[in-house]
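*Asks:* Please find one structure pasted underneath; my questions will follow.
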Amino acid sequence: MAKDKASQAKAAGKKTKSIDGGTPPSCPLARAQELNIRQVIDAEGNLVGDLPEPDLSDDQLRAHYEMMVLVRAIDDRGWTLQRSGRVEFWIPHRGLEAVHTSATLAFDNDDWIFLGYRHPGTMLMRGVPLLQLFAQFFGRADEPLKGRRLPTLMGDRRANIVPMTTQVGSYVPHACGAAWAAKIKGDKTRFLTFFGDGSTSRGEFHSALNFAGVHKPPVVFICENNGWAVTTPTSLQTATDTFAEKGDAYGIRNLRVDGNDPLAVYAVTREARDLAPEEGASLIEAVTYRMGYHTTSDNPDLYRTREEVAAWEPWCPLIRMRKYLEKRGLWDDASEADLWARCKADIDAAVKGAEAMPFPDPSTMFDDTFAEPTWMLEEQRRQLLEELESR
Amino acid sequence: MAKDKASQAKAAGKKTKSIDGGTPPSCPLARAQELNIRQVIDAEGNLVGDLPEPDLSDDQLRAHYEMMVLVRAIDDRGWTLQRSGRVEFWIPHRGLEAVHTSATLAFDNDDWIFLGYRHPGTMLMRGVPLLQLFAQFFGRADEPLKGRRLPTLMGDRRANIVPMTTQVGSYVPHACGAAWAAKIKGDKTRFLTFFGDGSTSRGEFHSALNFAGVHKPPVVFICENNGWAVTTPTSLQTATDTFAEKGDAYGIRNLRVDGNDPLAVYAVTREARDLAPEEGASLIEAVTYRMGYHTTSDNPDLYRTREEVAAWEPWCPLIRMRKYLEKRGLWDDASEADLWARCKADIDAAVKGAEAMPFPDPSTMFDDTFAEPTWMLEEQRRQLLEELESR
Amino acid sequence: MVAIESKPRKATVLEAINAAMAHALETDPDVVLMGQDVGKAGGIFRTSTGLSQRIGSKRVIDTPLDEKGIVAHAVGMALYGLKPIVEIQFSGFIHDAFEHIMFCAARYRWASGGQYSCPMVIRAPSFGGIKGGFWHSQSVEAYYVHHGGVKILCPSTPEDAYRMMIAAVQDPDPVLLVEPVPLYRAMSAEFVHDGKPTDIGRAEVVRAGADVTILTYGVMRPQSISAAEDLAEEGIDTEVIDLRTLIPYDIETILASVQKTGRVVIVHEAPLSLGFGAEMAAVLQEKAFGYLHTPIQRVAAPDVPYHFSIGDECYKPDAHRIKLAVRRAMEFEF
Amino acid sequence: MVAIESKPRKATVLEAINAAMAHALETDPDVVLMGQDVGKAGGIFRTSTGLSQRIGSKRVIDTPLDEKGIVAHAVGMALYGLKPIVEIQFSGFIHDAFEHIMFCAARYRWASGGQYSCPMVIRAPSFGGIKGGFWHSQSVEAYYVHHGGVKILCPSTPEDAYRMMIAAVQDPDPVLLVEPVPLYRAMSAEFVHDGKPTDIGRAEVVRAGADVTILTYGVMRPQSISAAEDLAEEGIDTEVIDLRTLIPYDIETILASVQKTGRVVIVHEAPLSLGFGAEMAAVLQEKAFGYLHTPIQRVAAPDVPYHFSIGDECYKPDAHRIKLAVRRAMEFEF
Ligand SMILES: Cc1ncc(C[n+]2csc(CCOP(=O)(O)OP(=O)(O)O)c2C)c(N)n1
Ligand SMILES: Cc1ncc(C[n+]2csc(CCOP(=O)(O)OP(=O)(O)O)c2C)c(N)n1
Ligand SMILES: [Mg+2]
Ligand SMILES: [Mg+2]
């Protein structure tokens with residue numbers, strides 16, 4: 001069982017190091033085979049001959065690329081809206097488009113998803129309208145979470161997407177427990193949850209994988225290894241070369257995939273979903289990178305080099321997918337220009353519509369505490385509303 | 001990384017199954033080599049040719065066996081004292097004598113130990129007098145924990161043994177943090193902590209091993225896999241074949257050892273201790289068995305077969321060590337009879353002495369809350385003592 | 001044992017809990033019982049004896065030794081539509097699950113805009129009296145009041161234990177069921193095992209009295225009653241109210257009594273500072289200010305851990321200390 | 001920045017915390033600072049800016065993302081002889097460490113018969129006002145009162161922040177330092193950065209008054225002061241007391257004021273039920289019963305989560321609601 005130092009050293013290249021970590025920045029996706037990272041296409045959109053091309057129709061492929069571009073456009077807009085003071089806060093998802101959209105595509109719409117906080121892509125894949133997303137970003141009353149939650153902390157039961165409760169990783173055992181419940185009830189529902197490299201350090205990750213190993217619920221754990229947890233590099237998060245191998249400690253099937261390869265993410269997630277009823281859980285480490293700031297309160301120059309970010313640029317999931325489509329004759333500059341124009345127009349409309357919506361009424365703070373509020377809450381509600389009235 | 005079913009099946013024999021688990025009871029120590037369990041001697045006390053004999057003098061070997069017998073005699077006495085209502089509660093340690101005494105022997109006396117609750121052996125190895133142990137069992141005032149703690153939840157700073165705070169596993173990261181502190185201070189102190197198979201399920205195990213992998217503190221984690229956590233078999237505790245392999249998920253050196261082989265436990269623990277300053281932590285899975293009840297409140301017939309217990313009898317660490325000594329001409333029936341007689345006499349004296357000691361004064365409940373009690377506590381103390389007075 | 005009965009029969013608190021869980025498991029396929037050792041062996045207190053044999057290990061689940069994981073998985077089960085009953089082996093080990101009870105289970109409904117909820121029962125075997133020492137003798141209920149989101153039920157009779165368990169399982173939100181370990185086998189009482197829930201939020205006037213009101217719950221109920229009986233001989237007519245549920249508490253019954261007697265003694269085993277008695281005192285000194293003849297007295301354990309060898313005798317409040325507090329409430333002069 | 005100075009200079013609360021930690025780290029080699037992102041980047045609020053550069057990553061430690069693990073390892077460090085300062089990124093994420101703070105750190109001294117202790121500082125950036133939503137705007141201090149074992153310090157001025165941090169690091173037992181996030185940069189004040197600790201357990205009479213006493217702490221101090229100033233114009237002379245430390249609280253200063261004014265308003269941002277105001281009300285109605293002209297009023301947030309889009313405006317108590325409570329305390333009739 002003892003691991004030989006050599007193999008430890010070998011794959012260490014995958015680790016992000018803090019600013020003075022010394023190693024010259026390189027993108028691990030360039031050494032995918034050596035690092036055991038599954039791929040369909042390379043940086044140029046050529047087939048690498050590892051995983052087979054998934055059978056998606058030309059229309060599906062085009063639609064998927066269009067979705068990723070829309071998701072990227074939302075991130076650009078969210079950023080400028082926050083910088084111009086119109087949105088309170090923004091959590092970027094730039095660079096993570098492939099993981100979110102492709103993994104969601106691999107699941108059926110009545111499967112459940114437990115979300116993190118960078119997931120407009122996942123919401124859109126489940127048909128949530130743009131206007132609803134922006135209403136949430138603007139904290140307006142008329143969206144499923146009633147304006148109660150931070151921008152981008154989303155969920156919608158109609159889309160079978162459970163919103164997180166803000167603590168990173170805490171929802172991983174919730175997803176596992178829900179999957180276990182479906183198994184107990186004899187339902188066919190399957191479950192997907194996303195969490196980050198940092199989240200694996202929490203006890204919840206341990207609890208979820210340990211219970212999953214013993215009880216084999218139909219859940220797919222996707223660890224988005226995007227290199228950083230705020231300012232903390234993966235090298236300070238854990239001593240293992242990969243996050244996938246942690247699954248071995250629980251008897252959980254696990255593998256690494258190129259998180260910036262939309263086709264590979266789709267392929268391995270679909271396979272994990274198909275195996276779930278029989279084999280139980282899978283742990284998929286999606287090797288990707290947080291191209292943007294952690295949040296609008298962050299300053300990456302304090303902890304990571306621009307060279308490191310630059311090394312990832314050519315591996316942008318949008319660029320790679322576009323090249324792949326172009327090589328298959330499914331895309332050209334005209335369609336690209338037209339797509340961006342449509343995204344801008346749709347987002348403009350959503351922003352305009354959402355900003356015109358009203359904020360929640362103070363009385364609604366007291367709703368949804370219990371199915372039926374207690375007399376204590378009703379008394380507090382009456383008094384607070386009176387006091388606010390009198391201002 | 002994905003683990004092939006075959007290998008999973010292979011070692012499954014090591015798993016305890018619940019009463020209707022089906023597998024015919026067998027002692028995994030009989031298949032030590034196959035199950036990757038390191039040994040020095042077999043059931044007959046013959047060298048198996050795996051680990052070399054540790055270089056312990058004849059006197060040391062004899063003394064070590066005598067200690068294990070004393071520890072066993074204490075367990076026998078604790079049990080009868082509880083059954084006859086003289087001790088409130090008892091937590092048996094029968095069958096675990098080798099793990100506790102041999103691992104402690106492998107460390108120096110100024111190294112720190114973080115204890116579980118089956119460890120009279122560890123206390124005795126550090127020179128704690130029998131009278132003090134029994135004073136603790138009887139909840140008397142004049143012992144280091146001042147009669148505040150359950151019988152067998154022990155510790156003594158003079159022996160560098162930290163008492164646990166009762167939650168299983170919670171102290172594992174405390175041991176790891178203390179070792180990290182010694183490293184930060186540049187001290188040479190090394191650290192040892194014992195915990196059970198069940199304890200590995202808690203988040204604390206995850207936290208400690210994860211931090212240890214990153215920061216390499218000089219600590220040795222000994223997981224006493226004794227087959228059961230109260231009524232829960234290891235097969236319901238985790239899906240892995242072994243507890244040692246969990247170390248791989250944190251980049252921690254790990255191995256399995258025959259926990260009923262005093263020489264093997266000593267050898268691998270000594271090695272782990274020697275490597276600690278350089279390599280950091282080791283995780284040692286001591287494969288052993290809880291021969292007794294979980295506690296005096298337990299009833300094993302509800303969940304495990306007597307055949308399973310019987311299968312372990314020939315692997316009793318005392319029997320094996322005695323046979324080994326006899327083969328080396330270091331022991332005979334006369335010495336055996338004499339030893340048990342001495343143990344009985346010493347324990348009789350300790351019981352007599354301890355039972356004669358006074359119980360704590362109510363006022364002492366308020367001591368050691370803060371270094372200086374707050375006015376609130378002093379007020380509460382005054383009032384409570386007055387009220388008790390007036391009864 | 002059958003699920004529904006029509007004739008009364010005797011049961012201890014422990015048997016009542018077992019019967020109520022059996023009823024819930026047999027009548028609702030969405031109910032699961034999970035925790036450490038709750039299966040084959042029936043739990044370390046034997047409260048679930050026979051259930052795994054009758055219901056099967058799919059719904060009566062022996063979990064890994066991980067309180068956080070147990071509660072967190074139950075949260076997920078509840079989100080999906082099951083109604084988990086979670087046994088924490090001793091309330092002193094519940095703290096690892098604090099975040100998942102108070103900031104997950106108790107908040108999913110609100111945080112999801114009312115889209116999701118977590119109906120679940122968390123069983124916390126509580127209180128001292130079995131020579132358990134600090135971690136095996138804890139009173140933890142007060143931690144689950146601040147910030148809200150959890151209902152707290154404290155049965156101390158067999159029938160209450162039965163009907164509160166039924167009510168807790170049927171409740172649409174998370175419920176903390178504070179089980180009185182020292183009373184598990186202390187008494188046996190007759191009631192009809194008819195599967196009917198109690199009405200959450202009602203206190204019980206256990207003993208009517210005109211002079212002073214004792215507010216108590218859980219394991220202190222018997223102590224309070226015996227104190228009241230002794231006090232009667234001194235001519236002090238004590239009303240004893242068992243709060244039964246802390247969240248929500250029964251303000252009408254409490255206020256009616258306090259307005260009648262004008263004297264209040266709050267009794268709980270939990271430590272004094274920010275024990276539930278603090279909230280009671282704060283609320284009553286405001287809502288009944290004009291009625292109070294004397295300061296509200298609190299009888300509680302001190303703010304120190306529960307002592308193994310002398311805690312049952314000296315730490316845990318008893319009838320004697322309750323009587324002293326009642327006399328203070330009667331005699332107070334300023 | 002040097003550790004000890006003789007001339008006063010201005011600092012914000014944030015700069016004061018940074019200076020105090022710098023002083024502790026530079027003057028005591030046993031002090032370590034650990035938490036998520038506290039190193040190179042200086043913490044997400046930048047309270048530790050420059051410290052890892054000056055002290056080195058051995059004693060200013062970026063930990064894995066694991067609150068329980070961070071506190072639990074700090075407990076071990078403290079047992080061995082270090083004095084860890086632990087930063088929890090937001091108080092809303094402290095709950096995972098609840099067991100290790102209250103039932104390990106706070107109990108090792110007692111549980112080991114006084115042989116071991118856990119001197120450590122747990123920094124809990126608290127309160128709302130930065131549009132953070134529920135988990136980034138929490139008041140958690142009340143959870144650390146019941147069962148005891150932790151001292152609780154709540155600075156709300158730069159000098160208090162500095163001297164309380166120094167005092168917390170020097171204290172032989174675990175200290176919860178409740179940092180007022182909305183005040184980090186809100187004001188700047190002059191004091192001598194001389195490394196001198198505050199005296200734990202002393203309240204401050206921020207504004208003397210004869211008619212009514214406001215008891216408050218943390219982020220509600222400025223709100224209480226402005227309320228008092230407005231009330232002065234109505235002819236209500238309000239005394240404002242900043243409790244500063246909750247455990248132990250300064251009973252002499254509080255009682256002296258209450259006996260003088262006979263009217264009390266307790267103000268905190270934490271939710272009402274079993275917030276610290278409950279303990280204050282319970283203690284004062286007993287110790288000052290004969291002095292109280294009117295019921296003790298509590299101003300607090302309601303027992304619901306902190307709302308993202310309207311919480312700062314409608315959930316968080318403000319001067320207006322404090323004034324209403326003071327008027328109730330003045331006008332109450334029965
Ligand atoms: C329990 C908890 N601790 C701290 C935080 C503050 N926080 C928000 S995101 C984050 C980093 C998460 O890193 P990772 O899991 O890798 O996800 P990523 O942000 O990289 O997508 C932290 C520390 C939190 N939300 N919850
Ligand atoms: C956190 C916590 N949960 C539950 C318990 C009750 N308990 C005491 S010992 C034990 C079993 C521990 O099993 P294991 O770790 O294998 O150690 P063993 O008893 O086999 O030596 C349990 C569940 C506890 N003490 N602490
Ligand atoms: Mg990350
Ligand atoms: Mg065990």
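Every chain in the structure tokens takes a letter, A first, then B, and so on in the order presented; its residues are numbered from 1, and the ligands are numbered from 1 following the presented order.
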Please identify all residues of chain D having at least one atom at most 7 Å from any atom of chain C, considering only C-alpha atoms, and return them as a ChimeraX atom specification.
*Replies:* /D:95-96,98-99,143,145-148,271,273-275,278-279,281-282,285-286,289-290,295-296,303-304,334
*Asks:* Could you give me the residues within 9 Å of ligand 1, counting only C-alpha atoms and all ligand atoms, as a ChimeraX atom specification?
*Replies:* /A:91,93,96,116-118,165-170,195-202,223-234,289-290,294-295 /D:36-37,64-67,88-90,92-96,135-136
*Asks:* Based on only C-alpha atoms, which of the residues in chain B come within 9 Å of chain C? I want them as a PyMOL selection string.
*Replies:* chain B and resi 18-19+88-89+138-141+147-151+165-168+198-203+229-232+234+236-238+297-300+302-303+359-362+365-367+369+376-377+380-381+384+387-388+390-391
*Asks:* Just list as a PyMOL selection string whatever in stretch 149-310 of chain A DSSP marks as strand (DSSP E or B).
*Replies:* chain A and resi 156+161-162+191-196+219-225+228-229+232-233+253-258+282-287
*Asks:* Using only C-alpha atoms, I'd like a table of the residues in chain B that come within 10 Å of chain A; for each, show the closest atom pair and its distance in Å rounded to one decimal, ordered by chain and ascending number, as a Markdown table.
*Replies:*
```
| residue | atom | partner | partner_atom | distance |
| --- | --- | --- | --- | --- |
| B:Met1 | CA | A:Glu245 | CA | 5.9 |
| B:Ala2 | CA | A:Arg253 | CA | 5.1 |
| B:Lys3 | CA | A:Arg253 | CA | 6.9 |
| B:Asp4 | CA | A:Arg253 | CA | 9.3 |
| B:Lys5 | CA | A:Gly251 | CA | 9.7 |
| B:Gln8 | CA | A:Gly251 | CA | 8.3 |
| B:Asn36 | CA | A:Met1 | CA | 9.0 |
| B:Thr200 | CA | A:Asn210 | CA | 9.7 |
| B:Ser201 | CA | A:Ser207 | CA | 7.0 |
| B:Arg202 | CA | A:Ser207 | CA | 7.3 |
| B:Gly203 | CA | A:Gly203 | CA | 4.2 |
| B:Glu204 | CA | A:Gly203 | CA | 7.2 |
| B:Phe205 | CA | A:Gly203 | CA | 8.7 |
| B:His206 | CA | A:Gly203 | CA | 6.4 |
| B:Ser207 | CA | A:Gly203 | CA | 6.9 |
| B:Leu209 | CA | A:Thr238 | CA | 9.4 |
| B:Asn210 | CA | A:Thr238 | CA | 5.9 |
| B:Phe211 | CA | A:Thr238 | CA | 7.3 |
| B:Ala212 | CA | A:Ala239 | CA | 8.6 |
| B:Gly213 | CA | A:Ala239 | CA | 5.1 |
| B:Val214 | CA | A:Ala239 | CA | 5.1 |
| B:His215 | CA | A:Leu236 | CA | 8.6 |
| B:Lys216 | CA | A:Ala239 | CA | 9.6 |
| B:Ser235 | CA | A:Val214 | CA | 7.7 |
| B:Leu236 | CA | A:Val214 | CA | 6.3 |
| B:Gln237 | CA | A:Val214 | CA | 7.3 |
| B:Thr238 | CA | A:Val214 | CA | 5.7 |
| B:Ala239 | CA | A:Val214 | CA | 5.1 |
| B:Thr240 | CA | A:Gly251 | CA | 5.1 |
| B:Asp241 | CA | A:Gly251 | CA | 8.2 |
| B:Thr242 | CA | A:Ala249 | CA | 9.0 |
| B:Phe243 | CA | A:Ala249 | CA | 8.3 |
| B:Ala244 | CA | A:Met1 | CA | 7.5 |
| B:Glu245 | CA | A:Met1 | CA | 5.8 |
| B:Lys246 | CA | A:Ala249 | CA | 4.5 |
| B:Gly247 | CA | A:Ala249 | CA | 7.7 |
| B:Asp248 | CA | A:Lys3 | CA | 7.0 |
| B:Ala249 | CA | A:Lys246 | CA | 4.5 |
| B:Tyr250 | CA | A:Thr240 | CA | 5.5 |
| B:Gly251 | CA | A:Thr240 | CA | 5.1 |
| B:Ile252 | CA | A:Ala2 | CA | 7.7 |
| B:Arg253 | CA | A:Ala2 | CA | 5.2 |
| B:Asn254 | CA | A:Ala2 | CA | 5.5 |
| B:Leu255 | CA | A:Met1 | CA | 6.5 |
| B:Arg256 | CA | A:Met1 | CA | 9.0 |
| B:Ser282 | CA | A:Ala2 | CA | 9.6 |
| B:Leu283 | CA | A:Ala2 | CA | 9.9 |
```
*Asks:* In Å, rounded to a single decimal, give me how far atom CA of A:Tyr171 is from atom CA of A:Gln132.
*Replies:*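 Distance between the two atoms: 23.2 Å.
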*Asks:* Show me, as a VMD selection string, the residues that have an atom within 8 Å of B:Ile347 when counting only C-alpha atoms, minus same-chain residues fewer than 4 positions from it.
*Replies:* chain B and resid 74 130 343 351
*Asks:* Could you save the residues just selected, with N, CA and C atoms, as a compact mmCIF listing (two decimals), in the first residue's frame?
*Replies:*
```
# COMPACT_ATOMS: atom_id res chain seq x y z
N ILE B 74 -5.81 -7.35 34.94
CA ILE B 74 -6.58 -6.15 35.30
C ILE B 74 -7.95 -6.21 34.63
N LEU B 130 -0.31 0.85 39.81
CA LEU B 130 -1.60 0.16 39.84
C LEU B 130 -2.61 0.87 40.73
N CYS B 343 0.58 -11.06 40.09
CA CYS B 343 -0.42 -10.13 39.54
C CYS B 343 -1.63 -10.04 40.48
N VAL B 351 -6.70 -2.70 44.71
CA VAL B 351 -8.15 -2.58 44.90
C VAL B 351 -8.44 -2.14 46.33
```
*Asks:* Rank nothing, just name the residue among C:Arg54, C:Ala106, C:Glu5, C:Thr12 nearest to C:Glu190, using only C-alpha atoms.
*Replies:* C:Thr12
*Asks:* Just want the 9 Å neighbourhood of B:Ala272, counted on only C-alpha atoms, with same-chain residues fewer than 5 positions away dropped. Output as a count of residues only.
*Replies:* 10
*Asks:* List the neighbours of C:Asp250 out to 8 Å using only C-alpha atoms; skip same-chain residues closer than 3 positions along the sequence, and give me the result as a PyMOL selection string.
*Replies:* chain C and resi 201-203+243+245+253-254
*Asks:* Got time to write the residues from that selection, N, CA and C atoms, as a compact mmCIF listing (two decimals), in the first residue's frame?
*Replies:*
```txt
# COMPACT_ATOMS: atom_id res chain seq x y z
N GLY C 201 -46.85 21.80 20.94
CA GLY C 201 -47.01 23.18 21.38
C GLY C 201 -47.91 23.34 22.59
N ARG C 202 -48.31 22.21 23.16
CA ARG C 202 -49.18 22.29 24.35
C ARG C 202 -48.40 21.85 25.58
N ALA C 203 -48.45 22.66 26.61
CA ALA C 203 -47.87 22.27 27.89
C ALA C 203 -48.93 21.50 28.69
N LEU C 243 -43.54 21.75 30.36
CA LEU C 243 -43.60 22.51 29.10
C LEU C 243 -43.82 21.58 27.90
N THR C 245 -43.09 20.91 25.05
CA THR C 245 -42.39 21.34 23.85
C THR C 245 -41.77 22.71 24.13
N THR C 253 -50.86 28.74 28.29
CA THR C 253 -50.89 27.97 29.54
C THR C 253 -49.91 28.56 30.56
N ILE C 254 -48.73 28.92 30.09
CA ILE C 254 -47.71 29.45 30.99
C ILE C 254 -48.17 30.78 31.59
```
*Asks:* Would you pick out the contacts of A:Phe191 at 6 Å or less, using only C-alpha atoms, so that residues sharing its chain but fewer than 4 positions from it are not included, and give the list as a PyMOL selection string?
*Replies:* chain A and resi 111-113+179+219
*Asks:* May I ask for the distance between atom CA of A:Glu278 and atom CA of C:Val86, given in Å to one decimal place?
*Replies:*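 Atom CA of A:Glu278 sits 27.1 Å away from atom CA of C:Val86.
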